[in-house]
Structure formats: structure tokens, C-alpha cells
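> What follows is target06.pdb, PDB, C-alpha atoms.
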ATOM      1  CA  MET A 292      22.947  60.035 -30.511
ATOM      2  CA  LEU A 293      21.614  61.667 -27.355
ATOM      3  CA  HIS A 294      18.799  59.124 -27.280
ATOM      4  CA  CYS A 295      21.194  56.243 -27.890
ATOM      5  CA  PHE A 296      23.852  57.196 -25.346
ATOM      6  CA  GLY A 297      21.948  59.495 -22.985
ATOM      7  CA  SER A 298      22.205  57.148 -20.012
ATOM      8  CA  TYR A 299      25.966  56.735 -20.409
ATOM      9  CA  ILE A 300      26.518  60.481 -20.797
ATOM     10  CA  LEU A 301      24.523  61.359 -17.670
ATOM     11  CA  ALA A 302      26.110  58.601 -15.583
ATOM     12  CA  ASP A 303      29.625  59.651 -16.592
ATOM     13  CA  MET A 304      28.848  63.269 -15.738
ATOM     14  CA  LEU A 305      27.542  62.267 -12.302
ATOM     15  CA  LEU A 306      30.657  60.227 -11.544
ATOM     16  CA  GLY A 307      33.066  62.872 -12.827
ATOM     17  CA  GLU A 308      34.172  60.963 -15.905
ATOM     18  CA  ALA A 309      34.402  62.047 -19.531
ATOM     19  CA  PRO A 310      30.835  62.214 -20.944
ATOM     20  CA  ILE A 311      32.080  61.410 -24.451
ATOM     21  CA  ASP A 312      34.012  58.345 -23.363
ATOM     22  CA  TYR A 313      31.405  55.915 -24.675
ATOM     23  CA  PHE A 314      31.688  57.369 -28.176
ATOM     24  CA  SER A 315      35.081  55.671 -28.379
ATOM     25  CA  ASN A 316      33.159  52.415 -28.900
ATOM     26  CA  ASN A 317      33.151  52.488 -32.694
ATOM     27  CA  SER A 318      30.879  49.469 -33.135
ATOM     28  CA  SER A 319      28.111  51.039 -31.020
ATOM     29  CA  VAL A 320      28.360  54.361 -32.852
ATOM     30  CA  LEU A 321      28.237  52.640 -36.242
ATOM     31  CA  LEU A 322      25.276  50.498 -35.177
ATOM     32  CA  ALA A 323      23.335  53.529 -33.929
ATOM     33  CA  THR A 324      24.106  55.407 -37.138
ATOM     34  CA  ALA A 325      23.025  52.469 -39.300
ATOM     35  CA  VAL A 326      19.725  52.083 -37.441
ATOM     36  CA  TRP A 327      19.046  55.828 -37.692
ATOM     37  CA  TYR A 328      19.721  55.789 -41.426
ATOM     38  CA  LEU A 329      17.539  52.738 -42.074
ATOM     39  CA  ILE A 330      14.638  54.132 -40.039
ATOM     40  CA  PHE A 331      14.517  57.439 -41.909
ATOM     41  CA  PHE A 332      15.929  56.672 -45.351
ATOM     42  CA  CYS A 333      15.204  53.021 -46.120
ATOM     43  CA  PRO A 334      13.281  52.715 -49.430
ATOM     44  CA  MET A 335       9.530  52.245 -48.962
ATOM     45  CA  ASN A 336      10.039  52.297 -45.180
ATOM     46  CA  LEU A 337      10.782  48.580 -45.304
ATOM     47  CA  PHE A 338      13.004  48.587 -42.232
ATOM     48  CA  TYR A 339      10.436  50.481 -40.151
ATOM     49  CA  LYS A 340       7.654  48.158 -41.282
ATOM     50  CA  CYS A 341       9.732  45.128 -40.346
ATOM     51  CA  VAL A 342      10.571  46.309 -36.834
ATOM     52  CA  SER A 343       6.967  47.491 -36.338
ATOM     53  CA  PHE A 344       5.607  44.025 -37.109
ATOM     54  CA  LEU A 345       4.138  42.852 -33.793
ATOM     55  CA  PRO A 346       6.114  39.594 -33.275
ATOM     56  CA  VAL A 347       9.374  41.357 -34.134
ATOM     57  CA  LYS A 348       8.434  44.346 -31.998
ATOM     58  CA  LEU A 349       7.755  42.117 -28.985
ATOM     59  CA  ILE A 350      11.214  40.590 -29.338
ATOM     60  CA  PHE A 351      12.842  44.018 -29.428
ATOM     61  CA  VAL A 352      10.794  45.183 -26.434
ATOM     62  CA  ALA A 353      11.951  42.162 -24.431
ATOM     63  CA  MET A 354      15.554  42.757 -25.483
ATOM     64  CA  LYS A 355      15.255  46.409 -24.495
ATOM     65  CA  GLU A 356      14.135  45.509 -20.977
ATOM     66  CA  VAL A 357      16.967  42.987 -20.650
ATOM     67  CA  VAL A 358      19.454  45.711 -21.563
ATOM     68  CA  ARG A 359      17.746  48.213 -19.238
ATOM     69  CA  VAL A 360      18.033  45.952 -16.188
ATOM     70  CA  ARG A 361      21.626  45.111 -17.040
ATOM     71  CA  LYS A 362      22.467  48.814 -17.290
ATOM     72  CA  ILE A 363      20.866  49.500 -13.896
ATOM     73  CA  ALA A 364      22.943  46.743 -12.290
ATOM     74  CA  ILE A 365      26.133  47.987 -13.958
ATOM     75  CA  GLY A 366      25.402  51.571 -12.913
ATOM     76  CA  VAL A 367      24.936  50.619  -9.267
ATOM     77  CA  HIS A 368      28.085  48.488  -9.330
ATOM     78  CA  HIS A 369      30.067  51.299 -10.961
ATOM     79  CA  ALA A 370      28.916  53.828  -8.361
ATOM     80  CA  HIS A 371      29.668  51.367  -5.553
ATOM     81  CA  HIS A 372      33.208  51.042  -6.869
ATOM     82  CA  HIS A 373      33.736  54.797  -6.398
ATOM     83  CA  TYR A 374      31.542  55.383  -3.319
ATOM     84  CA  HIS A 375      31.283  52.278  -1.152
ATOM     85  CA  HIS A 376      28.867  53.824   1.341
ATOM     86  CA  GLY A 377      27.090  56.286  -0.941
ATOM     87  CA  TRP A 378      23.653  54.735  -1.167
ATOM     88  CA  PHE A 379      22.099  57.826  -2.726
ATOM     89  CA  ILE A 380      24.816  57.989  -5.380
ATOM     90  CA  MET A 381      24.304  54.315  -6.222
ATOM     91  CA  VAL A 382      20.547  54.760  -6.581
ATOM     92  CA  VAL A 383      20.847  57.886  -8.721
ATOM     93  CA  THR A 384      23.518  56.371 -10.962
ATOM     94  CA  GLY A 385      21.537  53.172 -11.465
ATOM     95  CA  TRP A 386      18.377  55.181 -12.125
ATOM     96  CA  VAL A 387      20.134  57.354 -14.687
ATOM     97  CA  LYS A 388      21.618  54.295 -16.366
ATOM     98  CA  GLY A 389      18.189  52.717 -16.723
ATOM     99  CA  SER A 390      16.203  55.779 -17.782
ATOM    100  CA  GLY A 391      18.811  58.223 -19.037
ATOM    101  CA  ILE A 392      17.272  58.309 -22.503
ATOM    102  CA  ALA A 393      14.028  59.684 -21.080
ATOM    103  CA  LEU A 394      15.762  62.042 -18.661
ATOM    104  CA  VAL A 395      17.884  63.602 -21.397
ATOM    105  CA  SER A 396      14.842  64.163 -23.622
ATOM    106  CA  ASN A 397      14.293  67.686 -22.245
ATOM    107  CA  PHE A 398      17.773  68.745 -23.318
ATOM    108  CA  GLU A 399      17.243  67.058 -26.662
ATOM    109  CA  GLN A 400      14.035  69.061 -27.137
ATOM    110  CA  LEU A 401      15.929  72.288 -26.509
ATOM    111  CA  LEU A 402      18.465  71.362 -29.177
ATOM    112  CA  ARG A 403      15.631  70.801 -31.651
ATOM    113  CA  GLY A 404      13.959  74.070 -30.677
ATOM    114  CA  VAL A 405      10.926  72.319 -29.200
ATOM    115  CA  TRP A 406      10.141  72.868 -25.524
ATOM    116  CA  LYS A 407       7.315  70.890 -23.910
ATOM    117  CA  PRO A 408       7.237  71.403 -20.128
ATOM    118  CA  GLU A 409       4.295  69.023 -19.804
ATOM    119  CA  THR A 410       6.538  66.160 -20.938
ATOM    120  CA  ASN A 411       9.166  66.730 -18.252
ATOM    121  CA  GLU A 412      10.230  63.225 -17.299
ATOM    122  CA  ILE A 413      11.135  64.156 -13.734
ATOM    123  CA  LEU A 414       7.791  65.841 -13.007
ATOM    124  CA  HIS A 415       5.681  63.331 -14.945
ATOM    125  CA  MET A 416       7.510  60.021 -14.814
ATOM    126  CA  THR A 417       6.568  57.259 -17.198
ATOM    127  CA  PHE A 418       6.544  53.642 -16.091
ATOM    128  CA  PRO A 419      10.076  52.785 -17.346
ATOM    129  CA  THR A 420      11.502  55.732 -15.400
ATOM    130  CA  LYS A 421       9.688  54.726 -12.219
ATOM    131  CA  ALA A 422      10.624  51.083 -12.648
ATOM    132  CA  SER A 423      14.267  52.047 -13.196
ATOM    133  CA  LEU A 424      14.192  53.974  -9.919
ATOM    134  CA  TYR A 425      12.713  51.013  -8.043
ATOM    135  CA  GLY A 426      15.208  48.698  -9.695
ATOM    136  CA  ALA A 427      18.101  50.957  -8.722
ATOM    137  CA  ILE A 428      16.937  50.821  -5.103
ATOM    138  CA  LEU A 429      16.740  47.021  -5.187
ATOM    139  CA  PHE A 430      20.170  46.640  -6.763
ATOM    140  CA  THR A 431      21.628  49.103  -4.251
ATOM    141  CA  LEU A 432      20.245  47.022  -1.385
ATOM    142  CA  GLN A 433      21.674  43.902  -3.002
ATOM    143  CA  GLN A 434      25.049  45.540  -3.611
ATOM    144  CA  THR A 435      25.292  46.621   0.032
ATOM    145  CA  HIS A 436      24.221  43.128   1.220
ATOM    146  CA  TRP A 437      20.934  44.301   2.713
ATOM    147  CA  LEU A 438      18.936  42.216   0.246
ATOM    148  CA  PRO A 439      19.686  38.480   0.637
ATOM    149  CA  ILE A 440      19.642  37.498  -3.025
ATOM    150  CA  SER A 441      22.321  36.972  -5.624
ATOM    151  CA  LYS A 442      22.783  39.584  -8.328
ATOM    152  CA  ALA A 443      22.093  37.043 -11.076
ATOM    153  CA  ASN A 444      18.752  36.062  -9.535
ATOM    154  CA  LEU A 445      17.760  39.684  -8.962
ATOM    155  CA  ILE A 446      18.573  40.541 -12.575
ATOM    156  CA  PHE A 447      16.507  37.579 -13.774
ATOM    157  CA  PHE A 448      13.432  38.281 -11.638
ATOM    158  CA  PHE A 449      13.429  42.030 -12.269
ATOM    159  CA  THR A 450      13.855  41.469 -16.008
ATOM    160  CA  MET A 451      10.888  39.095 -16.038
ATOM    161  CA  PHE A 452       8.873  41.684 -14.111
ATOM    162  CA  MET A 453       9.724  44.416 -16.616
ATOM    163  CA  ILE A 454       8.898  42.247 -19.624
ATOM    164  CA  TYR A 455       5.626  41.094 -18.048
ATOM    165  CA  ILE A 456       4.440  44.601 -17.204
ATOM    166  CA  THR A 457       5.518  45.930 -20.606
ATOM    167  CA  LYS A 458       3.541  43.165 -22.287
ATOM    168  CA  LEU A 459       0.495  44.057 -20.194
ATOM    169  CA  GLY A 460       0.826  47.693 -21.221
ATOM    170  CA  GLY A 461       0.714  46.550 -24.833
ATOM    171  CA  HIS A 462      -2.547  44.671 -24.169
ATOM    172  CA  ILE A 463      -4.154  47.793 -22.703
ATOM    173  CA  THR A 464      -3.057  50.212 -25.412
ATOM    174  CA  THR A 465      -4.341  47.949 -28.178
ATOM    175  CA  GLY A 466      -7.711  47.735 -26.474
ATOM    176  CA  VAL A 467      -7.574  43.991 -25.883
ATOM    177  CA  HIS A 468      -9.668  43.145 -22.848
ATOM    178  CA  SER A 469      -8.166  40.145 -21.154
ATOM    179  CA  GLN A 470      -7.034  38.937 -17.790
ATOM    180  CA  ALA A 471      -3.886  40.960 -18.346
ATOM    181  CA  GLY A 472      -5.876  44.166 -18.077
ATOM    182  CA  GLY A 473      -7.004  43.272 -14.574
ATOM    183  CA  ASP A 474      -3.473  42.402 -13.552
ATOM    184  CA  THR A 475      -2.187  45.722 -14.832
ATOM    185  CA  ALA A 476      -4.881  47.610 -12.955
ATOM    186  CA  ALA A 477      -3.798  45.774  -9.833
ATOM    187  CA  TRP A 478      -0.205  46.834 -10.402
ATOM    188  CA  GLY A 479      -1.510  50.371 -10.908
ATOM    189  CA  ARG A 480      -2.410  50.536  -7.228
ATOM    190  CA  TYR A 481       1.289  50.424  -6.459
ATOM    191  CA  ILE A 482       2.882  51.868  -9.602
ATOM    192  CA  PRO A 483       0.700  54.624 -11.084
ATOM    193  CA  THR A 484       1.729  55.145 -14.675
ATOM    194  CA  GLN A 485       0.607  56.217 -18.116
ATOM    195  CA  VAL A 486       0.817  54.388 -21.413
ATOM    196  CA  TRP A 487       0.531  56.248 -24.715
ATOM    197  CA  SER A 488      -0.568  54.627 -27.945
ATOM    198  CA  ARG A 489      -2.174  56.045 -31.084
ATOM    199  CA  GLY A 490      -3.029  59.347 -29.465
ATOM    200  CA  VAL A 491      -4.866  57.786 -26.508
ATOM    201  CA  CYS A 492      -3.505  57.960 -23.005
ATOM    202  CA  VAL A 493      -4.531  55.092 -20.760
ATOM    203  CA  CYS A 494      -4.003  56.307 -17.233
ATOM    204  CA  ILE A 495      -3.740  53.650 -14.535
ATOM    205  CA  LEU A 496      -4.791  55.420 -11.384
ATOM    206  CA  PRO A 497      -3.534  54.482  -7.921
ATOM    207  CA  GLN A 498      -7.011  53.202  -7.024
ATOM    208  CA  GLY A 499      -6.915  50.764  -9.919
ATOM    209  CA  LYS A 500      -9.392  52.735 -12.038
ATOM    210  CA  GLU A 501      -8.678  53.360 -15.694
ATOM    211  CA  SER A 502      -9.633  56.385 -17.747
ATOM    212  CA  ASP A 503      -8.944  57.349 -21.343
ATOM    213  CA  TRP A 504      -7.890  60.854 -22.256
ATOM    214  CA  LYS A 505      -7.779  61.989 -25.844
ATOM    215  CA  SER A 506      -4.539  63.798 -26.540
TER
END
What is this file in C-alpha cells?

Amino acid sequence: MLHCFGSYILADMLLGEAPIDYFSNNSSVLLATAVWYLIFFCPMNLFYKCVSFLPVKLIFVAMKEVVRVRKIAIGVHHAHHHYHHGWFIMVVTGWVKGSGIALVSNFEQLLRGVWKPETNEILHMTFPTKASLYGAILFTLQQTHWLPISKANLIFFFTMFMIYITKLGGHITTGVHSQAGGDTAAWGRYIPTQVWSRGVCVCILPQGKESDWKS
């Protein structure tokens, strides 16, 4: 449940609201419980095999980025409602809303008795965490009328950006050499990141060079 509702818990704690408030949404709790049960206890791992099938997985990845951008926008709007001139609070709340699942992973590791300092999301940010931070900044500028664009258009363009970059990351991790690889390396000059797949870390360096590190 920490992975499912981590962003809501952290955002509520930052804004001084009840961190368990979102658990009052019975449909979301039941859906998360059902997915957890099917992933771990479905006979013959049928559910996992279905959602791991590439076309289905791509759909879920796109849906995940749509939800992520929407959560960033809602987080910034929520913080703006409480602190009209608190730019930093808006950025942090939007960032937490978009990447709270990753940020709460350290606490989740402690609960499981597994501590991995090298996977600290704040010290070693993954691409979704960095992108959520950049998105929170953009939505804060839009919310405070410093960015001349409507919220609907910003949500659309940033969602397309997230889906496009996520798709490119999939091309790299599967070893498919295409034009997408060059585009991702170009983005790496501005957004250094790491993508993990099948025990191989593809590191996109700021200079646009790529190197593989066996984990």
C-alpha cells in the first residue's frame, strides 16, 4: 500500500493533512488489493504474464505517465490553494505527488528489513523522479501565470513528452538500435538518467555517451 499511495501520504504530510485520508477511498484500496493478490497468487502467473506482454505493457506505461502528470498538476494546484505565493511549496508538493512512490521506497525498505543506501532516490534520482521535478516547476510557473500556456495544453504536451521518453528508454533497454536511441542520447545531454532492465544499467551520460554496467 505504501507503493500505491506513497505520493498521497507524503503530500498530505507536507500540507498538514491526515496522511491516511486517501485510504477512505474504498474503491482504490480494493483495486490495489486485487492487483496485489493477482500478481502474487494468480494460478500459473497468468495475470503477470498478461500485463508483461509488450503491447499490454506499453498501454499501462502510457496510462501511468498520464496519471503521473495529472497528479503533478493536482499537487501544485492543491499547494497553491493553501499557499498562494509559496513557489517552493508548490514545486515540492507537485514533485512528491509525481514521484512519491519512489521517494517513499527508502522507508518501505526499512519496514521490510532491507536497507540499500545506494538506491536512495534523492541522492540517485531516476528519470521519472527528475521529470516529476521539472514538471512540478513548469506547472508552478503556469499556476502563478509566469508561463503563458493553459493548464490543459501543458498537461497534454508534458504527458506526450513523458510517454515519448519512456518509450525511448524501452528501446534502449531491449537493445534495439534505432533512431530512438540517438534521440534519447540527445536528451541525455540535458536529463542525465539511468534505465535498468534485466540486470543491465544503461547510463545516459550528460555528454550523450552511453555505457553499460553489469549489476
> Would you work out the distance separating atom CA of A:His369 from atom CA of A:Met381, expressed in Å to one decimal?
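Distance between the two atoms: 8.0 Å.
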> Check what the PyMOL selection byres ((chain A and resi 296) around 10) selects in the file above and give those residues as number ranges by chain.
A: 292-295, 297-301, 310-311, 313-314, 319-320, 323, 388, 391-392, 395
> Restricting the calculation to only C-alpha atoms, which member of A:Leu322, A:Val367, A:Ile380, A:Met453 is positioned closest to A:Ala353?
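Counting only C-alpha atoms, the residue closest to A:Ala353 is A:Met453.
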> Interatomic distance between atom CA of A:Glu308 and atom CA of A:Tyr425?
24.9 Å
> Residues around (27.9, 51.7, 5.0), cut-off 12 Å, counting all atoms listed in the file - what are they as number ranges by chain?
A: 371, 374-379, 431-432, 434-437
> Pick from A:Phe398, A:Lys355, A:Gly366, A:Leu321: nearest to A:Val383, with only C-alpha atoms counted?
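The closest residue to A:Val383 is A:Gly366.
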> Please indicate the distance in Å from atom CA of A:Pro334 to atom CA of A:Gln400, rounded to one decimal place.
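Rounded to one decimal, the two atoms are 27.7 Å apart.
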> I need the residue nearest A:Phe452 from this list: A:Leu414, A:Ala422, A:Leu306, A:Val352. Use all atoms listed in the file for the distance.
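Comparing A:Leu414, A:Ala422, A:Leu306, A:Val352 against A:Phe452, the winner is A:Ala422.
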> Name the closest residue to A:Ser423 among the candidates A:Ile446, A:Met335, A:Met451, A:Val387; distances are taken between atoms, counting only C-alpha atoms.
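Looking only at the distances to A:Ser423, the closest residue turns out to be A:Val387.
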> Provide an axis-aligned box for all listed atoms of stretch 328-346 of chain A, padding each side by 5 Å; report its centre and its edge lengths in Å to one decimal, as AutoDock Vina command-line options.

--center_x 11.9 --center_y 48.5 --center_z -41.4 --size_x 25.6 --size_y 27.8 --size_z 26.2
> Let me make sure I understand: among A:Phe430, A:Thr324, A:Leu345, A:Thr457, which one has the smallest atom-to-atom distance to A:Leu445 if we use only C-alpha atoms?
A:Phe430
> Could you spell out the hits of the PyMOL selection byres ((chain A and resi 363) around 7) on the shown file, as number ranges by chain?
A: 359-362, 364-367, 385-386, 388-389, 427
> Pick from A:Met416, A:Ser441, A:Leu424, A:Ser390: nearest to A:Val358, with all atoms listed in the file counted?
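Among the listed residues, the smallest separation from A:Val358 belongs to A:Ser390.
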